[in-house]
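Data block for protein-v8.cif (mmCIF, C-alpha atoms):
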```
data_coords
#
loop_
_atom_site.label_atom_id
_atom_site.label_comp_id
_atom_site.auth_asym_id
_atom_site.auth_seq_id
_atom_site.Cartn_x
_atom_site.Cartn_y
_atom_site.Cartn_z
CA MET X 1 -9.04 21.76 -55.77
CA LEU X 2 -6.26 24.15 -54.78
CA LEU X 3 -8.83 25.81 -52.52
CA VAL X 4 -9.22 22.54 -50.54
CA PHE X 5 -5.48 22.07 -50.12
CA ALA X 6 -5.20 25.69 -48.97
CA MET X 7 -7.91 25.01 -46.38
CA VAL X 8 -6.03 21.88 -45.18
CA ALA X 9 -2.83 23.89 -44.80
CA GLY X 10 -4.79 26.63 -43.04
CA LEU X 11 -6.36 24.20 -40.57
CA TRP X 12 -2.98 22.64 -39.80
CA GLY X 13 -1.34 26.04 -39.33
CA ILE X 14 -4.11 27.44 -37.09
CA GLY X 15 -4.13 24.20 -35.05
CA MET X 16 -0.38 24.40 -34.57
CA ALA X 17 -0.57 28.10 -33.60
CA MET X 18 -3.27 27.29 -31.02
CA GLY X 19 -1.25 24.37 -29.65
CA ALA X 20 -3.93 21.81 -30.58
CA PRO X 21 -2.66 18.22 -30.52
CA LYS X 22 -1.93 16.49 -33.82
CA SER X 23 -4.92 14.17 -33.37
CA ALA X 24 -7.28 17.19 -33.13
CA ARG X 25 -5.78 18.69 -36.30
CA TRP X 26 -6.19 15.41 -38.17
CA THR X 27 -9.80 15.25 -36.98
CA MET X 28 -10.49 18.73 -38.42
CA ILE X 29 -8.97 17.67 -41.75
CA ALA X 30 -11.09 14.50 -41.75
CA VAL X 31 -14.20 16.64 -41.20
CA LEU X 32 -13.17 18.85 -44.13
CA TYR X 33 -12.62 15.76 -46.31
CA VAL X 34 -16.10 14.43 -45.52
CA ALA X 35 -17.57 17.88 -46.27
CA VAL X 36 -15.81 17.96 -49.67
CA LEU X 37 -17.16 14.48 -50.48
CA GLY X 38 -20.62 15.69 -49.45
CA VAL X 39 -20.35 18.69 -51.79
CA GLN X 40 -19.43 16.42 -54.75
CA LEU X 41 -22.46 14.23 -54.02
CA ALA X 42 -25.03 16.89 -53.19
CA PHE X 43 -24.56 19.38 -56.01
CA PRO X 44 -24.69 18.95 -59.82
CA PRO X 45 -21.21 18.73 -61.53
CA GLU X 46 -21.49 22.25 -62.99
CA HIS X 47 -22.25 23.91 -59.62
CA GLN X 48 -19.62 26.46 -58.72
CA LEU X 49 -18.88 24.84 -55.31
CA VAL X 50 -18.17 21.50 -57.01
CA VAL X 51 -15.94 23.16 -59.58
CA ALA X 52 -14.09 25.06 -56.83
CA THR X 53 -13.39 21.83 -54.91
CA GLY X 54 -12.02 19.77 -57.78
CA GLY X 55 -15.13 18.63 -59.61
CA SER X 56 -14.85 14.86 -59.22
CA LEU X 57 -16.02 12.47 -56.47
CA ALA X 58 -13.89 9.60 -57.84
CA MET X 59 -10.71 11.64 -57.60
CA TRP X 60 -11.39 12.58 -53.94
CA LEU X 61 -12.15 8.94 -53.08
CA MET X 62 -8.84 7.91 -54.65
CA ILE X 63 -6.93 10.58 -52.69
CA GLY X 64 -8.66 9.39 -49.50
CA ALA X 65 -7.78 5.74 -50.13
CA ALA X 66 -4.14 6.59 -50.81
CA LEU X 67 -3.92 8.59 -47.59
CA ALA X 68 -5.56 5.77 -45.61
CA VAL X 69 -2.95 3.30 -46.90
CA VAL X 70 -0.06 5.61 -45.96
CA LEU X 71 -1.49 6.33 -42.49
CA GLY X 72 -2.23 2.66 -41.78
CA TYR X 73 1.28 1.63 -42.78
CA SER X 74 2.98 4.24 -40.58
CA THR X 75 0.76 3.41 -37.56
CA MET X 76 1.61 -0.26 -37.96
CA LEU X 77 5.34 0.54 -38.12
CA GLN X 78 5.07 2.67 -34.96
CA LYS X 79 3.27 -0.11 -33.07
CA LEU X 80 5.90 -2.67 -34.07
CA ARG X 81 8.66 -0.32 -32.92
CA LEU X 82 6.98 0.23 -29.50
CA LYS X 83 6.56 -3.52 -29.08
CA ALA X 84 10.24 -4.12 -29.84
CA ASP X 85 11.27 -1.39 -27.35
CA ALA X 86 9.14 -2.92 -24.57
CA LYS X 87 10.68 -6.33 -25.28
CA VAL X 88 14.21 -4.91 -25.02
CA GLN X 89 13.28 -3.29 -21.68
CA ASP X 90 11.79 -6.51 -20.33
CA GLU X 91 14.88 -8.40 -21.38
CA ALA X 92 17.15 -5.87 -19.65
CA GLN X 93 15.21 -6.22 -16.41
CA GLU X 94 15.16 -9.98 -16.73
CA SER X 95 18.90 -10.20 -17.33
CA ALA X 96 19.51 -7.98 -14.28
CA ALA X 97 17.45 -10.43 -12.25
CA GLN X 98 19.19 -13.43 -13.81
CA GLU X 99 22.61 -12.25 -12.64
CA LEU X 100 21.37 -12.09 -9.02
CA PHE X 101 19.13 -15.09 -8.78
CA SER X 102 19.69 -18.76 -9.49
CA GLU X 103 17.43 -20.59 -11.96
CA THR X 104 15.48 -22.08 -9.04
CA GLU X 105 15.00 -18.68 -7.38
CA LEU X 106 13.85 -17.10 -10.66
CA ASN X 107 11.30 -19.86 -10.99
CA ARG X 108 10.28 -19.55 -7.33
CA TYR X 109 9.67 -15.80 -7.55
CA ALA X 110 8.18 -15.89 -11.07
CA ARG X 111 4.73 -14.75 -9.82
CA HIS X 112 6.35 -11.67 -8.26
CA ILE X 113 8.52 -10.94 -11.27
CA VAL X 114 5.51 -10.85 -13.62
CA LEU X 115 3.79 -8.26 -11.41
CA ARG X 116 4.19 -4.87 -13.07
CA GLU X 117 4.64 -3.16 -9.67
CA LEU X 118 7.41 -5.54 -8.56
CA GLY X 119 9.23 -7.14 -11.50
CA GLY X 120 12.86 -8.28 -11.36
CA LEU X 121 13.87 -4.95 -9.81
CA GLY X 122 11.33 -5.30 -6.97
CA GLN X 123 12.45 -8.87 -6.31
CA LYS X 124 16.06 -7.64 -6.11
CA LYS X 125 14.97 -4.99 -3.57
CA LEU X 126 13.30 -7.73 -1.51
CA LYS X 127 16.45 -9.84 -1.65
CA ASP X 128 18.62 -6.90 -0.57
CA ALA X 129 16.26 -5.91 2.28
CA LYS X 130 17.15 -6.48 5.94
CA VAL X 131 14.03 -6.69 8.06
CA LEU X 132 13.60 -7.07 11.82
CA VAL X 133 10.46 -8.71 13.22
CA VAL X 134 9.76 -8.15 16.91
CA GLY X 135 7.75 -11.02 18.35
CA ALA X 136 7.38 -14.54 16.94
CA GLY X 137 3.83 -15.06 18.20
CA GLY X 138 0.43 -14.67 16.56
CA LEU X 139 1.31 -11.73 14.31
CA GLY X 140 4.93 -12.83 13.90
CA SER X 141 3.84 -16.22 12.53
CA PRO X 142 2.33 -15.04 9.21
CA VAL X 143 4.71 -12.08 8.99
CA LEU X 144 7.78 -14.33 9.19
CA LEU X 145 6.40 -17.05 6.93
CA TYR X 146 5.29 -14.62 4.21
CA LEU X 147 8.45 -12.51 4.33
CA ALA X 148 10.51 -15.70 3.98
CA ALA X 149 8.33 -17.08 1.19
CA SER X 150 8.42 -13.71 -0.62
CA GLY X 151 12.21 -13.81 -0.72
CA VAL X 152 13.12 -11.03 1.73
CA GLY X 153 16.89 -11.61 1.89
CA THR X 154 17.63 -11.14 5.60
CA ILE X 155 14.95 -11.61 8.26
CA ALA X 156 15.78 -11.21 11.93
CA VAL X 157 13.41 -12.21 14.69
CA VAL X 158 13.51 -11.20 18.38
CA ASP X 159 11.53 -13.06 21.06
CA ASP X 160 12.42 -14.37 24.52
CA ASP X 161 9.53 -16.80 24.81
CA VAL X 162 9.36 -20.58 24.37
CA VAL X 163 6.56 -22.31 22.44
CA ASP X 164 3.64 -23.15 24.72
CA ASN X 165 0.78 -25.54 24.03
CA SER X 166 -1.73 -22.67 24.39
CA ASN X 167 0.05 -20.69 21.62
CA LEU X 168 -0.68 -23.23 18.90
CA GLN X 169 -4.35 -22.30 18.38
CA ARG X 170 -3.12 -19.26 16.39
CA GLN X 171 0.70 -19.20 16.15
CA VAL X 172 0.84 -21.29 13.00
CA ILE X 173 4.61 -21.05 12.44
CA HIS X 174 5.20 -23.35 15.44
CA LYS X 175 4.52 -27.10 15.42
CA ASP X 176 3.31 -29.30 18.25
CA GLU X 177 6.74 -30.93 18.51
CA ALA X 178 8.32 -27.47 19.11
CA ILE X 179 6.59 -27.06 22.49
CA GLY X 180 9.25 -26.05 25.00
CA THR X 181 11.78 -24.77 22.42
CA PRO X 182 12.60 -21.06 21.97
CA LYS X 183 10.12 -19.44 19.55
CA VAL X 184 12.86 -17.80 17.47
CA LEU X 185 14.51 -21.18 16.80
CA SER X 186 11.22 -22.90 16.00
CA ALA X 187 10.34 -19.99 13.66
CA ALA X 188 13.78 -19.97 11.99
CA GLU X 189 13.47 -23.67 11.28
CA ALA X 190 10.04 -23.27 9.68
CA MET X 191 11.24 -20.32 7.59
CA THR X 192 14.34 -21.99 6.18
CA ALA X 193 12.32 -25.15 5.54
CA GLN X 194 9.89 -22.98 3.54
CA ASN X 195 12.60 -21.05 1.68
CA PRO X 196 16.27 -22.03 1.95
CA PHE X 197 17.24 -18.95 -0.12
CA VAL X 198 16.73 -16.48 2.77
CA THR X 199 18.94 -15.76 5.78
CA VAL X 200 17.25 -15.90 9.18
CA VAL X 201 18.86 -14.24 12.21
CA PRO X 202 17.29 -15.37 15.51
CA TYR X 203 17.66 -13.23 18.67
CA PRO X 204 16.42 -15.42 21.56
CA ARG X 205 15.97 -12.51 23.99
CA ARG X 206 13.70 -9.66 25.00
CA LEU X 207 14.42 -6.31 23.36
CA THR X 208 15.74 -4.01 26.11
CA GLU X 209 16.64 -0.34 26.31
CA GLU X 210 20.30 -1.37 26.37
CA ASP X 211 20.41 -3.37 23.15
CA ALA X 212 17.39 -2.16 21.13
CA ALA X 213 19.30 0.62 19.33
CA GLU X 214 22.15 -1.71 18.40
CA ILE X 215 19.89 -4.49 17.08
CA ILE X 216 17.50 -2.21 15.17
CA GLY X 217 20.54 -0.34 13.76
CA ASP X 218 21.41 -3.40 11.65
CA TYR X 219 18.08 -3.42 9.77
CA ASP X 220 16.20 -1.08 7.43
CA LEU X 221 12.61 -1.93 8.33
CA VAL X 222 10.96 -3.09 11.57
CA LEU X 223 7.69 -4.98 12.02
CA ASP X 224 6.24 -4.94 15.50
CA GLY X 225 3.92 -7.76 16.52
CA THR X 226 4.91 -7.93 20.15
CA ASP X 227 2.55 -8.69 23.05
CA ASN X 228 3.29 -5.80 25.43
CA PHE X 229 3.15 -2.01 25.51
CA GLU X 230 6.61 -1.60 27.01
CA THR X 231 8.28 -3.11 23.94
CA ARG X 232 5.91 -1.25 21.57
CA TYR X 233 6.93 2.16 22.96
CA LEU X 234 10.61 1.15 23.03
CA VAL X 235 10.61 -0.06 19.41
CA ASN X 236 8.81 3.15 18.33
CA GLU X 237 11.34 5.33 20.14
CA VAL X 238 14.35 3.64 18.55
CA CYS X 239 12.78 3.58 15.07
CA VAL X 240 12.02 7.32 15.30
CA ALA X 241 15.57 8.07 16.48
CA GLN X 242 17.07 6.04 13.62
CA GLY X 243 14.57 7.19 10.97
CA LYS X 244 13.43 3.61 10.26
CA PRO X 245 9.89 2.84 9.08
CA LEU X 246 7.87 0.80 11.59
CA ILE X 247 4.98 -1.44 10.59
CA SER X 248 2.95 -1.86 13.75
CA GLY X 249 0.15 -4.36 14.26
CA ALA X 250 -1.87 -5.18 17.37
CA LEU X 251 -5.01 -7.09 18.22
CA SER X 252 -7.43 -8.08 20.90
CA GLN X 253 -10.25 -10.66 20.83
CA TRP X 254 -11.90 -10.05 17.40
CA GLU X 255 -10.32 -6.78 16.35
CA GLY X 256 -6.95 -5.78 14.99
CA GLN X 257 -5.24 -2.56 13.91
CA LEU X 258 -2.21 -1.76 11.79
CA SER X 259 -0.35 1.25 10.48
CA VAL X 260 3.00 2.25 8.98
CA PHE X 261 4.69 4.76 11.31
CA ASP X 262 7.40 6.52 9.34
CA PRO X 263 8.06 10.06 10.64
CA ALA X 264 11.05 10.28 8.27
CA SER X 265 8.42 10.30 5.49
CA GLY X 266 6.13 12.80 7.19
CA THR X 267 3.85 10.49 9.21
CA PRO X 268 3.08 10.51 12.94
CA CYS X 269 4.80 7.99 15.22
CA TYR X 270 3.12 5.38 17.45
CA GLN X 271 3.24 7.69 20.45
CA CYS X 272 1.59 10.56 18.53
CA ILE X 273 -1.49 8.36 18.27
CA PHE X 274 -1.31 6.59 21.63
CA PRO X 275 0.38 9.09 23.99
CA GLU X 276 0.47 6.66 26.90
CA ALA X 277 -0.15 3.01 27.57
CA PRO X 278 -3.44 2.20 29.28
CA ALA X 279 -3.20 1.52 33.00
CA PRO X 280 -2.28 -2.13 33.61
CA GLY X 281 -5.38 -4.32 33.38
CA ILE X 282 -7.33 -1.92 31.12
CA ALA X 283 -6.03 -3.33 27.81
CA PRO X 284 -5.83 -7.05 28.40
CA SER X 285 -3.29 -9.37 26.77
CA CYS X 286 -4.30 -12.31 24.56
CA SER X 287 -4.12 -14.74 27.47
CA GLU X 288 -6.44 -12.57 29.56
CA ALA X 289 -8.95 -11.46 26.91
CA GLY X 290 -8.78 -14.27 24.36
CA VAL X 291 -8.19 -13.95 20.60
CA VAL X 292 -9.84 -15.72 17.69
CA GLY X 293 -7.31 -17.97 15.90
CA PRO X 294 -7.37 -16.53 12.33
CA LEU X 295 -7.28 -12.85 13.50
CA PRO X 296 -3.47 -12.63 13.85
CA GLY X 297 -3.32 -14.46 10.51
CA VAL X 298 -5.30 -11.66 8.81
CA VAL X 299 -3.56 -8.72 10.51
CA GLY X 300 -0.06 -10.27 10.29
CA THR X 301 -0.53 -11.03 6.60
CA MET X 302 -1.60 -7.40 6.03
CA MET X 303 1.60 -6.35 7.81
CA ALA X 304 3.66 -8.56 5.49
CA ALA X 305 1.91 -7.01 2.47
CA GLU X 306 2.72 -3.52 3.82
CA ALA X 307 6.36 -4.61 4.24
CA ILE X 308 6.58 -5.64 0.58
CA LYS X 309 5.16 -2.25 -0.46
CA VAL X 310 7.50 -0.29 1.84
CA ILE X 311 10.54 -2.22 0.54
CA THR X 312 9.70 -2.04 -3.16
CA GLY X 313 7.82 1.26 -3.26
CA ALA X 314 4.82 -0.41 -4.93
CA GLY X 315 1.42 1.24 -4.45
CA ALA X 316 0.73 3.20 -1.27
CA ALA X 317 1.60 1.80 2.17
CA LEU X 318 -0.57 2.65 5.21
CA ARG X 319 1.48 5.76 6.02
CA GLY X 320 -0.53 8.27 8.06
CA GLU X 321 -3.48 5.89 8.11
CA MET X 322 -4.66 3.19 10.46
CA MET X 323 -6.56 0.15 9.23
CA ILE X 324 -8.97 -1.42 11.69
CA TYR X 325 -10.19 -4.95 10.99
CA ASP X 326 -13.21 -6.21 12.89
CA ALA X 327 -13.43 -9.97 12.37
CA LEU X 328 -16.66 -10.33 14.36
CA TRP X 329 -18.67 -8.19 11.92
CA GLY X 330 -16.45 -8.67 8.87
CA GLU X 331 -15.62 -4.97 8.61
CA THR X 332 -12.51 -2.99 7.75
CA ARG X 333 -12.32 0.72 8.48
CA LYS X 334 -9.54 3.22 7.84
CA ILE X 335 -8.88 6.42 9.73
CA GLY X 336 -6.43 9.20 8.90
CA LEU X 337 -3.65 9.88 11.44
CA LYS X 338 -1.87 13.14 12.20
CA PRO X 339 1.30 13.92 14.15
CA ARG X 340 0.91 15.52 17.57
CA SER X 341 2.94 18.67 18.22
CA ASP X 342 3.60 17.73 21.87
CA CYS X 343 4.76 14.16 21.15
CA PRO X 344 7.74 13.42 23.41
CA THR X 345 9.17 10.85 20.97
CA CYS X 346 9.14 12.49 17.54
CA GLY X 347 8.54 16.05 18.80
CA GLY X 348 5.70 16.36 16.31
CA LYS X 349 8.21 17.53 13.71
CA ASN X 350 5.69 16.71 10.99
CA THR X 351 2.83 18.79 12.43
CA MET M 1 -28.45 13.26 17.69
CA LYS M 2 -27.59 10.22 15.57
CA ILE M 3 -23.94 9.39 14.96
CA VAL M 4 -22.01 6.30 13.89
CA LEU M 5 -19.62 5.16 16.62
CA ASN M 6 -17.06 2.50 15.65
CA GLY M 7 -19.23 1.44 12.73
CA GLU M 8 -22.44 1.23 14.78
CA ALA M 9 -25.34 3.75 14.63
CA ARG M 10 -25.96 5.39 18.02
CA GLU M 11 -28.30 8.00 19.49
CA VAL M 12 -26.30 10.28 21.80
CA ALA M 13 -26.88 13.42 23.88
CA ALA M 14 -23.29 14.72 23.74
CA THR M 15 -22.58 17.64 21.38
CA ASP M 16 -18.78 17.46 21.37
CA LEU M 17 -16.22 14.67 21.09
CA ALA M 18 -15.02 14.90 24.70
CA GLY M 19 -18.63 14.70 25.92
CA LEU M 20 -19.24 11.68 23.72
CA LEU M 21 -16.29 9.80 25.23
CA ALA M 22 -17.60 10.54 28.73
CA GLU M 23 -21.16 9.58 27.80
CA CYS M 24 -20.07 6.26 26.27
CA GLY M 25 -17.70 5.42 29.13
CA PHE M 26 -14.33 5.59 27.35
CA SER M 27 -11.24 6.42 29.38
CA GLY M 28 -8.94 9.18 28.11
CA ARG M 29 -6.20 6.91 26.76
CA VAL M 30 -7.73 6.28 23.36
CA ALA M 31 -7.18 7.67 19.87
CA THR M 32 -10.15 9.38 18.22
CA SER M 33 -11.12 10.27 14.68
CA LEU M 34 -14.06 12.22 13.27
CA ASN M 35 -15.15 11.35 9.73
CA GLU M 36 -11.87 9.47 9.21
CA ASP M 37 -9.71 12.44 10.35
CA PHE M 38 -7.56 12.08 13.46
CA VAL M 39 -8.53 14.34 16.40
CA PRO M 40 -5.81 14.63 19.07
CA ALA M 41 -6.89 14.45 22.73
CA GLY M 42 -6.33 18.18 23.30
CA LEU M 43 -8.85 19.18 20.62
CA ARG M 44 -11.69 16.85 21.63
CA ALA M 45 -13.55 19.36 23.84
CA ALA M 46 -13.56 21.91 21.01
CA GLN M 47 -14.65 19.37 18.39
CA THR M 48 -18.42 19.73 18.01
CA LEU M 49 -20.48 16.89 16.60
CA THR M 50 -23.18 17.08 13.95
CA ASP M 51 -25.86 14.62 12.92
CA GLY M 52 -24.50 11.71 10.88
CA ASP M 53 -20.85 12.13 11.99
CA ARG M 54 -18.71 9.01 11.93
CA VAL M 55 -16.65 8.72 15.10
CA GLU M 56 -13.95 6.13 15.64
CA VAL M 57 -12.59 5.52 19.11
CA VAL M 58 -9.49 3.35 18.94
CA ALA M 59 -8.05 1.85 22.10
CA PRO M 60 -4.39 0.89 22.05
CA MET M 61 -4.01 -2.89 21.90
CA GLN M 62 -1.03 -4.85 23.09
CA GLY M 63 -1.91 -8.31 21.81
CA GLY M 64 0.35 -9.78 19.15
#
```

Conversion result in structure tokens:
Amino acid sequence: MLLVFAMVAGLWGIGMAMGAPKSARWTMIAVLYVAVLGVQLAFPPEHQLVVATGGSLAMWLMIGAALAVVLGYSTMLQKLRLKADAKVQDEAQESAAQELFSETELNRYARHIVLRELGGLGQKKLKDAKVLVVGAGGLGSPVLLYLAASGVGTIAVVDDDVVDNSNLQRQVIHKDEAIGTPKVLSAAEAMTAQNPFVTVVPYPRRLTEEDAAEIIGDYDLVLDGTDNFETRYLVNEVCVAQGKPLISGALSQWEGQLSVFDPASGTPCYQCIFPEAPAPGIAPSCSEAGVVGPLPGVVGTMMAAEAIKVITGAGAALRGEMMIYDALWGETRKIGLKPRSDCPTCGGKNT
Amino acid sequence: MKIVLNGEAREVAATDLAGLLAECGFSGRVATSLNEDFVPAGLRAAQTLTDGDRVEVVAPMQGG
């Protein structure tokens, strides 16, 4: 019997010396226990192996049962303690959220708050975020509606256009009765009607070289869904200069593309990928080429999802990657992007 | 050789990326990737193609 206990101690000691985890050491001891039981069963009582290991099957069974009870009890205690700890943590996060949000807001964002990747902390980050959306057209429509619904605290929107009848086949934020009114005002109205808990800042103008830096300077994230290359290159330039992440989406006919350009986090910028705009007439606008109604809905909604990830840090945003969505064949493809050493905008500092 | 261009299987004569763009009638102002890795314009002539390569030619789009 003493021999068995010496072997147990030996196993434990050797396991510890070799750095084996506790579970592995327990497994070895369990194997030894089964072997001892086997010896008691297999050999006659007077056999020298049986005598050396204690001589009685009943005694070993009793020792085993006692150990099982002790182990079971301690495991149960540990589980209860972990459960209590998790509850305390949840409550701490919930109370942090409760101080910031009204009862109605907590209820409104409940489906976000239960998400492990967002939680009360993520919802607070959304509420504290200041986001600028360039363009209140096809892409801007779902971007603005989903950012507002998601509880992004401050959402600014720049656009110099008025709502036109021909926009309404895809620009779902605008209503028929808004035809003729500035898009930013029509969008702001829809957003606050959807969620009165967010602040909307409308800029009824075209972003120009003179004011782009000042406007973008007030926000921490920019989403570009504009309809012309001039503004796309301008927004990229200012975002690079100010170190702001830029979620860029674009589309034509049946196909859309989006990426998160964030050179401050090691990615290329828009101009690394597209060094120069195509000659006028080569890349047609929506009015010239046509666009299928739900396409901006898909790409714009993907942009809004990227925005939530960039703001909260959940998952992995499309940094250094471009997603291509082909609605005509129901395909999505992703390509890796790399900075260009001769980029005039970011200087290829990440190459 | 057989390659996949923008998700579509194609039989082409070109043996490098620059040649492929010329053969398929793309202008220079596009972004290219080979097997999901970005290839900048300056490296296209040196980028040889092998059977089964996946090439993506992405034109900048301005629509929003």

I'd like the contact shell of segment 41-49 of chain M - 10 Å cut-off, all atoms listed in the file, skipping same-chain residues fewer than 2 positions apart - returned as an MDAnalysis selection string. (chainID X and resid 273:275 340) or (chainID M and resid 1:3 14:21 28:34 38:39 51:55)

At most 9 Å to chain M: residues in chain X, only C-alpha atoms, as a PyMOL selection string: chain X and resi 135-140+224-229+232+249-253+256-257+272-279+283-287+291+296+300+324+331+333-340

C-alpha atoms of the current selection, written as a PDB file, in the coordinates of the input:
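Contents of selection-v6.pdb, as written:
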```pdb
ATOM      1  CA  GLY X 135       7.750 -11.020  18.350  1.00  0.00           C
ATOM      2  CA  ALA X 136       7.380 -14.540  16.940  1.00  0.00           C
ATOM      3  CA  GLY X 137       3.830 -15.060  18.200  1.00  0.00           C
ATOM      4  CA  GLY X 138       0.430 -14.670  16.560  1.00  0.00           C
ATOM      5  CA  LEU X 139       1.310 -11.730  14.310  1.00  0.00           C
ATOM      6  CA  GLY X 140       4.930 -12.830  13.900  1.00  0.00           C
ATOM      7  CA  ASP X 224       6.240  -4.940  15.500  1.00  0.00           C
ATOM      8  CA  GLY X 225       3.920  -7.760  16.520  1.00  0.00           C
ATOM      9  CA  THR X 226       4.910  -7.930  20.150  1.00  0.00           C
ATOM     10  CA  ASP X 227       2.550  -8.690  23.050  1.00  0.00           C
ATOM     11  CA  ASN X 228       3.290  -5.800  25.430  1.00  0.00           C
ATOM     12  CA  PHE X 229       3.150  -2.010  25.510  1.00  0.00           C
ATOM     13  CA  ARG X 232       5.910  -1.250  21.570  1.00  0.00           C
ATOM     14  CA  GLY X 249       0.150  -4.360  14.260  1.00  0.00           C
ATOM     15  CA  ALA X 250      -1.870  -5.180  17.370  1.00  0.00           C
ATOM     16  CA  LEU X 251      -5.010  -7.090  18.220  1.00  0.00           C
ATOM     17  CA  SER X 252      -7.430  -8.080  20.900  1.00  0.00           C
ATOM     18  CA  GLN X 253     -10.250 -10.660  20.830  1.00  0.00           C
ATOM     19  CA  GLY X 256      -6.950  -5.780  14.990  1.00  0.00           C
ATOM     20  CA  GLN X 257      -5.240  -2.560  13.910  1.00  0.00           C
ATOM     21  CA  CYS X 272       1.590  10.560  18.530  1.00  0.00           C
ATOM     22  CA  ILE X 273      -1.490   8.360  18.270  1.00  0.00           C
ATOM     23  CA  PHE X 274      -1.310   6.590  21.630  1.00  0.00           C
ATOM     24  CA  PRO X 275       0.380   9.090  23.990  1.00  0.00           C
ATOM     25  CA  GLU X 276       0.470   6.660  26.900  1.00  0.00           C
ATOM     26  CA  ALA X 277      -0.150   3.010  27.570  1.00  0.00           C
ATOM     27  CA  PRO X 278      -3.440   2.200  29.280  1.00  0.00           C
ATOM     28  CA  ALA X 279      -3.200   1.520  33.000  1.00  0.00           C
ATOM     29  CA  ALA X 283      -6.030  -3.330  27.810  1.00  0.00           C
ATOM     30  CA  PRO X 284      -5.830  -7.050  28.400  1.00  0.00           C
ATOM     31  CA  SER X 285      -3.290  -9.370  26.770  1.00  0.00           C
ATOM     32  CA  CYS X 286      -4.300 -12.310  24.560  1.00  0.00           C
ATOM     33  CA  SER X 287      -4.120 -14.740  27.470  1.00  0.00           C
ATOM     34  CA  VAL X 291      -8.190 -13.950  20.600  1.00  0.00           C
ATOM     35  CA  PRO X 296      -3.470 -12.630  13.850  1.00  0.00           C
ATOM     36  CA  GLY X 300      -0.060 -10.270  10.290  1.00  0.00           C
ATOM     37  CA  ILE X 324      -8.970  -1.420  11.690  1.00  0.00           C
ATOM     38  CA  GLU X 331     -15.620  -4.970   8.610  1.00  0.00           C
ATOM     39  CA  ARG X 333     -12.320   0.720   8.480  1.00  0.00           C
ATOM     40  CA  LYS X 334      -9.540   3.220   7.840  1.00  0.00           C
ATOM     41  CA  ILE X 335      -8.880   6.420   9.730  1.00  0.00           C
ATOM     42  CA  GLY X 336      -6.430   9.200   8.900  1.00  0.00           C
ATOM     43  CA  LEU X 337      -3.650   9.880  11.440  1.00  0.00           C
ATOM     44  CA  LYS X 338      -1.870  13.140  12.200  1.00  0.00           C
ATOM     45  CA  PRO X 339       1.300  13.920  14.150  1.00  0.00           C
ATOM     46  CA  ARG X 340       0.910  15.520  17.570  1.00  0.00           C
TER      47      ARG X 340
END
```

Each side padded by 6 Å, which centre and which edge lengths in Å (one decimal) define the axis-aligned box around the listed atoms of segment 13-27 of chain M? Give them as JSON.
```
{"center_x": -19.1, "center_y": 11.5, "center_z": 25.2, "size_x": 27.6, "size_y": 24.2, "size_z": 20.3}
```

Can you spell out as a PyMOL selection string the set of residues that the PyMOL selection byres ((chain X and resi 203) around 7) selects in the structure I just provided? chain X and resi 157-159+184+201-202+204-205

Contact residues around Leu328 of chain X with all atoms listed in the file at 10 Å, ignoring same-chain residues under 6 positions, as a count of residues only: 5
